$ cat query_21.txt   # compact mmCIF, C-alpha atoms and all ligand atoms
# COMPACT_ATOMS: atom_id res chain seq x y z
CA MET A 1 50.62 79.28 134.41
CA THR A 2 47.47 77.35 133.48
CA VAL A 3 47.72 74.35 131.17
CA ILE A 4 44.80 72.43 129.63
CA THR A 5 44.66 69.04 127.95
CA TYR A 6 41.86 66.71 126.86
CA GLY A 7 41.36 62.98 126.54
CA THR A 8 39.24 59.90 127.02
CA PHE A 9 41.56 58.35 129.63
CA ASP A 10 39.83 54.98 129.26
CA LEU A 11 41.41 52.05 131.14
CA PHE A 12 43.86 54.56 132.64
CA HIS A 13 47.49 53.56 132.00
CA ILE A 14 51.07 54.79 132.33
CA GLY A 15 50.93 56.60 128.98
CA HIS A 16 48.08 58.77 130.29
CA LEU A 17 49.90 59.39 133.57
CA GLN A 18 53.15 60.38 131.86
CA LEU A 19 51.28 62.75 129.55
CA LEU A 20 49.47 64.42 132.46
CA GLU A 21 52.67 64.74 134.50
CA ARG A 22 54.48 66.27 131.48
CA ALA A 23 51.51 68.64 131.01
CA LYS A 24 51.67 69.69 134.67
CA ALA A 25 55.42 70.32 134.33
CA LEU A 26 54.63 72.79 131.51
CA ALA A 27 52.62 74.84 134.04
CA GLY A 28 55.76 75.53 136.08
CA GLU A 29 56.08 76.24 139.82
CA GLY A 30 52.63 76.92 141.33
CA GLY A 31 50.99 76.24 137.98
CA ARG A 32 47.58 74.62 137.34
CA LEU A 33 46.60 71.67 135.11
CA ILE A 34 43.01 71.44 133.84
CA VAL A 35 41.92 68.21 132.15
CA GLY A 36 38.91 67.90 129.85
CA VAL A 37 37.68 64.29 130.06
CA SER A 38 35.56 63.33 127.07
CA THR A 39 31.97 62.40 127.88
CA ASP A 40 30.47 59.12 126.66
CA ARG A 41 28.19 61.15 124.35
CA PHE A 42 31.10 63.08 122.81
CA ASN A 43 33.15 59.91 122.39
CA TRP A 44 30.39 58.15 120.47
CA GLU A 45 28.84 61.10 118.57
CA GLU A 46 32.13 62.73 117.57
CA LYS A 47 34.75 60.00 117.69
CA ARG A 48 32.64 56.84 117.22
CA LYS A 49 34.56 55.59 120.21
CA ARG A 50 32.96 53.52 122.99
CA SER A 51 34.97 53.58 126.20
CA ALA A 52 35.06 50.50 128.48
CA ILE A 53 34.80 52.75 131.56
CA PRO A 54 31.92 55.27 131.88
CA TYR A 55 32.61 59.03 132.01
CA ASP A 56 32.00 59.52 135.74
CA GLN A 57 34.55 56.87 136.68
CA ARG A 58 37.12 58.09 134.11
CA ALA A 59 36.68 61.65 135.44
CA ALA A 60 37.00 60.52 139.09
CA ILE A 61 40.25 58.65 138.38
CA VAL A 62 41.80 61.67 136.60
CA ALA A 63 40.56 64.08 139.31
CA ALA A 64 42.27 61.95 141.99
CA LEU A 65 45.72 62.46 140.48
CA ARG A 66 48.15 64.69 142.39
CA CYS A 67 49.17 66.46 139.16
CA VAL A 68 45.59 67.37 138.17
CA ASP A 69 43.97 70.52 139.61
CA LEU A 70 40.58 70.54 137.84
CA VAL A 71 38.56 68.17 135.66
CA ILE A 72 35.92 69.47 133.22
CA PRO A 73 33.72 67.48 130.83
CA GLU A 74 34.75 67.55 127.17
CA ASP A 75 31.40 67.43 125.40
CA ASP A 76 32.23 69.30 122.16
CA TRP A 77 35.20 70.51 120.07
CA ASP A 78 34.99 74.11 121.38
CA MET A 79 38.27 74.16 123.28
CA LYS A 80 38.59 77.90 122.56
CA ARG A 81 35.65 78.53 124.94
CA ASP A 82 37.39 76.62 127.72
CA ILE A 83 40.73 78.33 127.05
CA LEU A 84 39.14 81.78 127.37
CA GLU A 85 36.92 80.80 130.32
CA TYR A 86 39.83 79.40 132.37
CA ASN A 87 42.42 81.91 131.15
CA VAL A 88 44.62 79.11 129.84
CA ASP A 89 48.25 79.85 128.84
CA ILE A 90 49.13 76.52 127.21
CA PHE A 91 47.04 73.90 125.37
CA THR A 92 48.82 70.54 125.15
CA MET A 93 48.12 67.11 123.67
CA GLY A 94 50.12 63.98 122.89
CA SER A 95 52.05 63.91 119.60
CA ASP A 96 49.42 61.70 117.89
CA TRP A 97 47.43 64.96 117.64
CA THR A 98 50.30 67.04 116.22
CA GLY A 99 48.94 69.81 113.98
CA LYS A 100 45.27 69.09 114.72
CA PHE A 101 44.89 71.96 117.19
CA ASP A 102 47.19 74.60 115.65
CA HIS A 103 44.15 76.90 115.22
CA LEU A 104 44.20 77.38 119.00
CA LYS A 105 47.50 79.31 118.60
CA GLU A 106 45.22 82.37 118.18
CA VAL A 107 44.36 82.20 121.88
CA CYS A 108 47.21 80.38 123.63
CA GLU A 109 50.46 78.48 123.20
CA VAL A 110 50.01 74.98 121.67
CA VAL A 111 52.46 72.22 122.70
CA TYR A 112 52.44 68.61 121.49
CA LEU A 113 54.15 66.25 123.93
CA PRO A 114 55.79 62.90 123.10
CA ARG A 115 53.52 59.89 123.47
CA THR A 116 54.48 56.81 125.49
CA GLU A 117 54.97 54.07 122.90
CA GLY A 118 53.81 50.48 123.35
CA ILE A 119 50.69 51.04 125.45
CA SER A 120 47.08 51.84 124.54
CA SER A 121 43.56 51.61 125.91
CA GLU A 122 42.47 49.89 122.67
CA CYS A 123 41.89 46.25 123.61
N1 LIG A 201 48.68 59.28 125.26
C1 LIG A 201 50.06 59.12 125.36
N2 LIG A 201 50.60 57.89 125.25
C2 LIG A 201 49.81 56.80 125.07
C3 LIG A 201 48.41 56.96 124.97
C4 LIG A 201 47.86 58.22 125.08
O1 LIG A 201 50.81 60.12 125.53
N3 LIG A 201 50.40 55.58 124.96
C5 LIG A 201 48.13 60.63 125.36
C6 LIG A 201 47.36 61.05 124.11
O2 LIG A 201 48.25 61.57 123.13
C7 LIG A 201 46.41 62.11 124.66
C8 LIG A 201 46.16 61.63 126.11
O3 LIG A 201 47.20 60.69 126.42
O4 LIG A 201 47.06 63.39 124.69
C9 LIG A 201 44.82 60.96 126.26
O5 LIG A 201 44.79 59.88 125.33
P1 LIG A 201 43.34 59.26 124.96
O6 LIG A 201 42.60 58.98 126.21
O7 LIG A 201 43.54 58.20 123.96
O8 LIG A 201 42.66 60.54 124.31
P2 LIG A 201 41.99 60.63 122.86
O9 LIG A 201 41.04 59.52 122.67
O10 LIG A 201 43.09 60.86 121.91
O11 LIG A 201 41.08 61.92 123.05
O12 LIG A 201 39.59 66.14 121.89
C10 LIG A 201 40.74 65.42 122.19
C11 LIG A 201 40.34 64.04 122.59
O13 LIG A 201 39.52 64.03 123.72
C12 LIG A 201 41.57 63.20 122.83
$ encode --input "query_21.txt" --output "structure tokens"
Amino acid sequence: MTVITYGTFDLFHIGHLQLLERAKALAGEGGRLIVGVSTDRFNWEEKRKRSAIPYDQRAAIVAALRCVDLVIPEDDWDMKRDILEYNVDIFTMGSDWTGKFDHLKEVCEVVYLPRTEGISSEC
């Protein structure tokens, strides 16, 4: 199966890694994990968030992970387009987003995974 998740992945840390490994596990044997890494534009325009690390470096770090099969830029909130384009079976996010993406249940399964407590990119 194909799983997709999204994030900023700034100052990459164990909480990000555990989320991505849990997301890959959802894809099952021979499955695929796609990760949408938020662009600097999206982060500022939509989330008023400035990341310490620029998009191209955050994307390269995520793309280098064994559990990640494809990285795409997240430059808007239209996850439905990505889900249909990549024939995604499961959309997943950490539990801090619980309920925020339930509308995507029209096009795929939505799973919220437990966050790793006690660590954050926020300095
Ligand atoms: N995460 C986690 N544990 C942490 C920190 C983050 O499980 N201690 C998870 C988040 O729940 C999210 C993913 O790791 O699913 C990426 O976290 P962020 O980089 O903080 O992503 P965010 O800024 O929430 O952007 O449109 C969705 C956004 O792009 C998500």
$ axis_aligned_box --input "query_21.txt" --around "ligand LIG 201 (chain A)" --padding-each-side "4 Å" --output "lines of an AutoDock Vina configuration file"
center_x = 45.2
center_y = 60.9
center_z = 124.2
size_x = 19.3
size_y = 18.6
size_z = 12.5
$ residues_near_ligand --input "query_21.txt" --ligand "ligand LIG 201 (chain A)" --cutoff "10 Å" --atoms "all atoms listed in the file" --output "PDB file with C-alpha atoms, in the coordinates of the input"
ATOM      1  CA  THR A   5      44.660  69.040 127.950  1.00  0.00           C
ATOM      2  CA  TYR A   6      41.860  66.710 126.860  1.00  0.00           C
ATOM      3  CA  GLY A   7      41.360  62.980 126.540  1.00  0.00           C
ATOM      4  CA  THR A   8      39.240  59.900 127.020  1.00  0.00           C
ATOM      5  CA  PHE A   9      41.560  58.350 129.630  1.00  0.00           C
ATOM      6  CA  ASP A  10      39.830  54.980 129.260  1.00  0.00           C
ATOM      7  CA  LEU A  11      41.410  52.050 131.140  1.00  0.00           C
ATOM      8  CA  PHE A  12      43.860  54.560 132.640  1.00  0.00           C
ATOM      9  CA  HIS A  13      47.490  53.560 132.000  1.00  0.00           C
ATOM     10  CA  ILE A  14      51.070  54.790 132.330  1.00  0.00           C
ATOM     11  CA  GLY A  15      50.930  56.600 128.980  1.00  0.00           C
ATOM     12  CA  HIS A  16      48.080  58.770 130.290  1.00  0.00           C
ATOM     13  CA  LEU A  17      49.900  59.390 133.570  1.00  0.00           C
ATOM     14  CA  GLN A  18      53.150  60.380 131.860  1.00  0.00           C
ATOM     15  CA  LEU A  19      51.280  62.750 129.550  1.00  0.00           C
ATOM     16  CA  LEU A  20      49.470  64.420 132.460  1.00  0.00           C
ATOM     17  CA  ARG A  22      54.480  66.270 131.480  1.00  0.00           C
ATOM     18  CA  ALA A  23      51.510  68.640 131.010  1.00  0.00           C
ATOM     19  CA  VAL A  35      41.920  68.210 132.150  1.00  0.00           C
ATOM     20  CA  GLY A  36      38.910  67.900 129.850  1.00  0.00           C
ATOM     21  CA  VAL A  37      37.680  64.290 130.060  1.00  0.00           C
ATOM     22  CA  SER A  38      35.560  63.330 127.070  1.00  0.00           C
ATOM     23  CA  THR A  39      31.970  62.400 127.880  1.00  0.00           C
ATOM     24  CA  PHE A  42      31.100  63.080 122.810  1.00  0.00           C
ATOM     25  CA  ASN A  43      33.150  59.910 122.390  1.00  0.00           C
ATOM     26  CA  GLU A  46      32.130  62.730 117.570  1.00  0.00           C
ATOM     27  CA  LYS A  47      34.750  60.000 117.690  1.00  0.00           C
ATOM     28  CA  LYS A  49      34.560  55.590 120.210  1.00  0.00           C
ATOM     29  CA  SER A  51      34.970  53.580 126.200  1.00  0.00           C
ATOM     30  CA  ARG A  58      37.120  58.090 134.110  1.00  0.00           C
ATOM     31  CA  PRO A  73      33.720  67.480 130.830  1.00  0.00           C
ATOM     32  CA  GLU A  74      34.750  67.550 127.170  1.00  0.00           C
ATOM     33  CA  ASP A  75      31.400  67.430 125.400  1.00  0.00           C
ATOM     34  CA  ASP A  76      32.230  69.300 122.160  1.00  0.00           C
ATOM     35  CA  TRP A  77      35.200  70.510 120.070  1.00  0.00           C
ATOM     36  CA  ASP A  78      34.990  74.110 121.380  1.00  0.00           C
ATOM     37  CA  MET A  79      38.270  74.160 123.280  1.00  0.00           C
ATOM     38  CA  THR A  92      48.820  70.540 125.150  1.00  0.00           C
ATOM     39  CA  MET A  93      48.120  67.110 123.670  1.00  0.00           C
ATOM     40  CA  GLY A  94      50.120  63.980 122.890  1.00  0.00           C
ATOM     41  CA  SER A  95      52.050  63.910 119.600  1.00  0.00           C
ATOM     42  CA  ASP A  96      49.420  61.700 117.890  1.00  0.00           C
ATOM     43  CA  TRP A  97      47.430  64.960 117.640  1.00  0.00           C
ATOM     44  CA  THR A  98      50.300  67.040 116.220  1.00  0.00           C
ATOM     45  CA  LYS A 100      45.270  69.090 114.720  1.00  0.00           C
ATOM     46  CA  PHE A 101      44.890  71.960 117.190  1.00  0.00           C
ATOM     47  CA  TYR A 112      52.440  68.610 121.490  1.00  0.00           C
ATOM     48  CA  LEU A 113      54.150  66.250 123.930  1.00  0.00           C
ATOM     49  CA  PRO A 114      55.790  62.900 123.100  1.00  0.00           C
ATOM     50  CA  ARG A 115      53.520  59.890 123.470  1.00  0.00           C
ATOM     51  CA  THR A 116      54.480  56.810 125.490  1.00  0.00           C
ATOM     52  CA  GLU A 117      54.970  54.070 122.900  1.00  0.00           C
ATOM     53  CA  GLY A 118      53.810  50.480 123.350  1.00  0.00           C
ATOM     54  CA  ILE A 119      50.690  51.040 125.450  1.00  0.00           C
ATOM     55  CA  SER A 120      47.080  51.840 124.540  1.00  0.00           C
ATOM     56  CA  SER A 121      43.560  51.610 125.910  1.00  0.00           C
ATOM     57  CA  GLU A 122      42.470  49.890 122.670  1.00  0.00           C
TER      58      GLU A 122
END
$ atom_distance --input "query_21.txt" --atom1 "atom CA of A:Ala59" --atom2 "atom CA of A:Leu26"
21.5 Å
$ atom_distance --input "query_21.txt" --atom1 "atom CA of A:Asp69" --atom2 "atom CA of A:Ile83"
15.1 Å
$ closest_residue --input "query_21.txt" --among "A:Ala25, A:Ile34, A:Leu104, A:Cys67" --to "A:Lys80" --atoms "only C-alpha atoms"
A:Leu104
$ decode --input "query_21.txt" --residues "stretch 82-104 of chain A" --atoms "N, CA, C and O atoms" --output "PDB file, in the first residue's frame"
ATOM      1  N   ASP A  82      -2.773  15.332  -4.233  1.00  0.00           N
ATOM      2  CA  ASP A  82      -1.637  14.402  -4.103  1.00  0.00           C
ATOM      3  C   ASP A  82      -2.144  12.969  -3.907  1.00  0.00           C
ATOM      4  O   ASP A  82      -1.627  12.018  -4.490  1.00  0.00           O
ATOM      5  N   ILE A  83      -3.162  12.824  -3.064  1.00  0.00           N
ATOM      6  CA  ILE A  83      -3.683  11.482  -2.750  1.00  0.00           C
ATOM      7  C   ILE A  83      -4.189  10.809  -4.019  1.00  0.00           C
ATOM      8  O   ILE A  83      -3.907   9.630  -4.278  1.00  0.00           O
ATOM      9  N   LEU A  84      -4.893  11.562  -4.853  1.00  0.00           N
ATOM     10  CA  LEU A  84      -5.412  11.002  -6.107  1.00  0.00           C
ATOM     11  C   LEU A  84      -4.277  10.788  -7.113  1.00  0.00           C
ATOM     12  O   LEU A  84      -4.211   9.745  -7.772  1.00  0.00           O
ATOM     13  N   GLU A  85      -3.358  11.735  -7.182  1.00  0.00           N
ATOM     14  CA  GLU A  85      -2.244  11.630  -8.157  1.00  0.00           C
ATOM     15  C   GLU A  85      -1.348  10.418  -7.879  1.00  0.00           C
ATOM     16  O   GLU A  85      -0.927   9.713  -8.782  1.00  0.00           O
ATOM     17  N   TYR A  86      -1.105  10.142  -6.587  1.00  0.00           N
ATOM     18  CA  TYR A  86      -0.179   9.048  -6.228  1.00  0.00           C
ATOM     19  C   TYR A  86      -0.922   7.795  -5.791  1.00  0.00           C
ATOM     20  O   TYR A  86      -0.318   6.859  -5.281  1.00  0.00           O
ATOM     21  N   ASN A  87      -2.260   7.809  -5.958  1.00  0.00           N
ATOM     22  CA  ASN A  87      -3.047   6.610  -5.642  1.00  0.00           C
ATOM     23  C   ASN A  87      -2.786   6.132  -4.210  1.00  0.00           C
ATOM     24  O   ASN A  87      -2.455   4.977  -3.955  1.00  0.00           O
ATOM     25  N   VAL A  88      -2.892   7.081  -3.294  1.00  0.00           N
ATOM     26  CA  VAL A  88      -2.567   6.842  -1.878  1.00  0.00           C
ATOM     27  C   VAL A  88      -3.695   6.058  -1.200  1.00  0.00           C
ATOM     28  O   VAL A  88      -4.875   6.334  -1.415  1.00  0.00           O
ATOM     29  N   ASP A  89      -3.304   5.073  -0.359  1.00  0.00           N
ATOM     30  CA  ASP A  89      -4.285   4.290   0.411  1.00  0.00           C
ATOM     31  C   ASP A  89      -4.532   4.896   1.793  1.00  0.00           C
ATOM     32  O   ASP A  89      -5.624   4.855   2.330  1.00  0.00           O
ATOM     33  N   ILE A  90      -3.430   5.417   2.409  1.00  0.00           N
ATOM     34  CA  ILE A  90      -3.539   5.903   3.795  1.00  0.00           C
ATOM     35  C   ILE A  90      -2.851   7.259   3.919  1.00  0.00           C
ATOM     36  O   ILE A  90      -1.698   7.415   3.499  1.00  0.00           O
ATOM     37  N   PHE A  91      -3.576   8.217   4.507  1.00  0.00           N
ATOM     38  CA  PHE A  91      -3.004   9.525   4.869  1.00  0.00           C
ATOM     39  C   PHE A  91      -2.749   9.457   6.361  1.00  0.00           C
ATOM     40  O   PHE A  91      -3.640   9.071   7.137  1.00  0.00           O
ATOM     41  N   THR A  92      -1.556   9.812   6.820  1.00  0.00           N
ATOM     42  CA  THR A  92      -1.283   9.776   8.260  1.00  0.00           C
ATOM     43  C   THR A  92      -0.545  11.021   8.716  1.00  0.00           C
ATOM     44  O   THR A  92       0.189  11.642   7.943  1.00  0.00           O
ATOM     45  N   MET A  93      -0.821  11.411   9.970  1.00  0.00           N
ATOM     46  CA  MET A  93      -0.144  12.548  10.609  1.00  0.00           C
ATOM     47  C   MET A  93      -0.007  12.219  12.080  1.00  0.00           C
ATOM     48  O   MET A  93      -0.701  11.347  12.613  1.00  0.00           O
ATOM     49  N   GLY A  94       0.846  12.959  12.785  1.00  0.00           N
ATOM     50  CA  GLY A  94       0.973  12.799  14.222  1.00  0.00           C
ATOM     51  C   GLY A  94      -0.300  13.282  14.922  1.00  0.00           C
ATOM     52  O   GLY A  94      -1.061  14.090  14.392  1.00  0.00           O
ATOM     53  N   SER A  95      -0.486  12.811  16.141  1.00  0.00           N
ATOM     54  CA  SER A  95      -1.746  13.021  16.885  1.00  0.00           C
ATOM     55  C   SER A  95      -2.007  14.485  17.238  1.00  0.00           C
ATOM     56  O   SER A  95      -3.128  14.836  17.598  1.00  0.00           O
ATOM     57  N   ASP A  96      -1.018  15.381  17.074  1.00  0.00           N
ATOM     58  CA  ASP A  96      -1.300  16.810  17.306  1.00  0.00           C
ATOM     59  C   ASP A  96      -2.220  17.338  16.213  1.00  0.00           C
ATOM     60  O   ASP A  96      -2.801  18.405  16.357  1.00  0.00           O
ATOM     61  N   TRP A  97      -2.407  16.582  15.138  1.00  0.00           N
ATOM     62  CA  TRP A  97      -3.291  16.994  14.036  1.00  0.00           C
ATOM     63  C   TRP A  97      -4.610  16.232  14.058  1.00  0.00           C
ATOM     64  O   TRP A  97      -5.400  16.342  13.118  1.00  0.00           O
ATOM     65  N   THR A  98      -4.854  15.462  15.119  1.00  0.00           N
ATOM     66  CA  THR A  98      -6.069  14.637  15.165  1.00  0.00           C
ATOM     67  C   THR A  98      -7.317  15.444  14.809  1.00  0.00           C
ATOM     68  O   THR A  98      -7.551  16.528  15.362  1.00  0.00           O
ATOM     69  N   GLY A  99      -8.080  14.923  13.842  1.00  0.00           N
ATOM     70  CA  GLY A  99      -9.348  15.548  13.443  1.00  0.00           C
ATOM     71  C   GLY A  99      -9.198  16.578  12.343  1.00  0.00           C
ATOM     72  O   GLY A  99     -10.160  16.871  11.623  1.00  0.00           O
ATOM     73  N   LYS A 100      -7.990  17.137  12.158  1.00  0.00           N
ATOM     74  CA  LYS A 100      -7.835  18.250  11.212  1.00  0.00           C
ATOM     75  C   LYS A 100      -7.914  17.800   9.749  1.00  0.00           C
ATOM     76  O   LYS A 100      -8.098  18.595   8.844  1.00  0.00           O
ATOM     77  N   PHE A 101      -7.736  16.523   9.499  1.00  0.00           N
ATOM     78  CA  PHE A 101      -7.723  16.044   8.111  1.00  0.00           C
ATOM     79  C   PHE A 101      -8.785  14.981   7.865  1.00  0.00           C
ATOM     80  O   PHE A 101      -8.698  14.204   6.918  1.00  0.00           O
ATOM     81  N   ASP A 102      -9.835  14.964   8.720  1.00  0.00           N
ATOM     82  CA  ASP A 102     -10.878  13.937   8.559  1.00  0.00           C
ATOM     83  C   ASP A 102     -11.598  14.058   7.223  1.00  0.00           C
ATOM     84  O   ASP A 102     -12.138  13.077   6.709  1.00  0.00           O
ATOM     85  N   HIS A 103     -11.587  15.258   6.613  1.00  0.00           N
ATOM     86  CA  HIS A 103     -12.256  15.413   5.299  1.00  0.00           C
ATOM     87  C   HIS A 103     -11.617  14.539   4.231  1.00  0.00           C
ATOM     88  O   HIS A 103     -12.232  14.208   3.220  1.00  0.00           O
ATOM     89  N   LEU A 104     -10.380  14.122   4.473  1.00  0.00           N
ATOM     90  CA  LEU A 104      -9.684  13.291   3.462  1.00  0.00           C
ATOM     91  C   LEU A 104     -10.200  11.852   3.473  1.00  0.00           C
ATOM     92  O   LEU A 104      -9.880  11.060   2.585  1.00  0.00           O
TER      93      LEU A 104
END
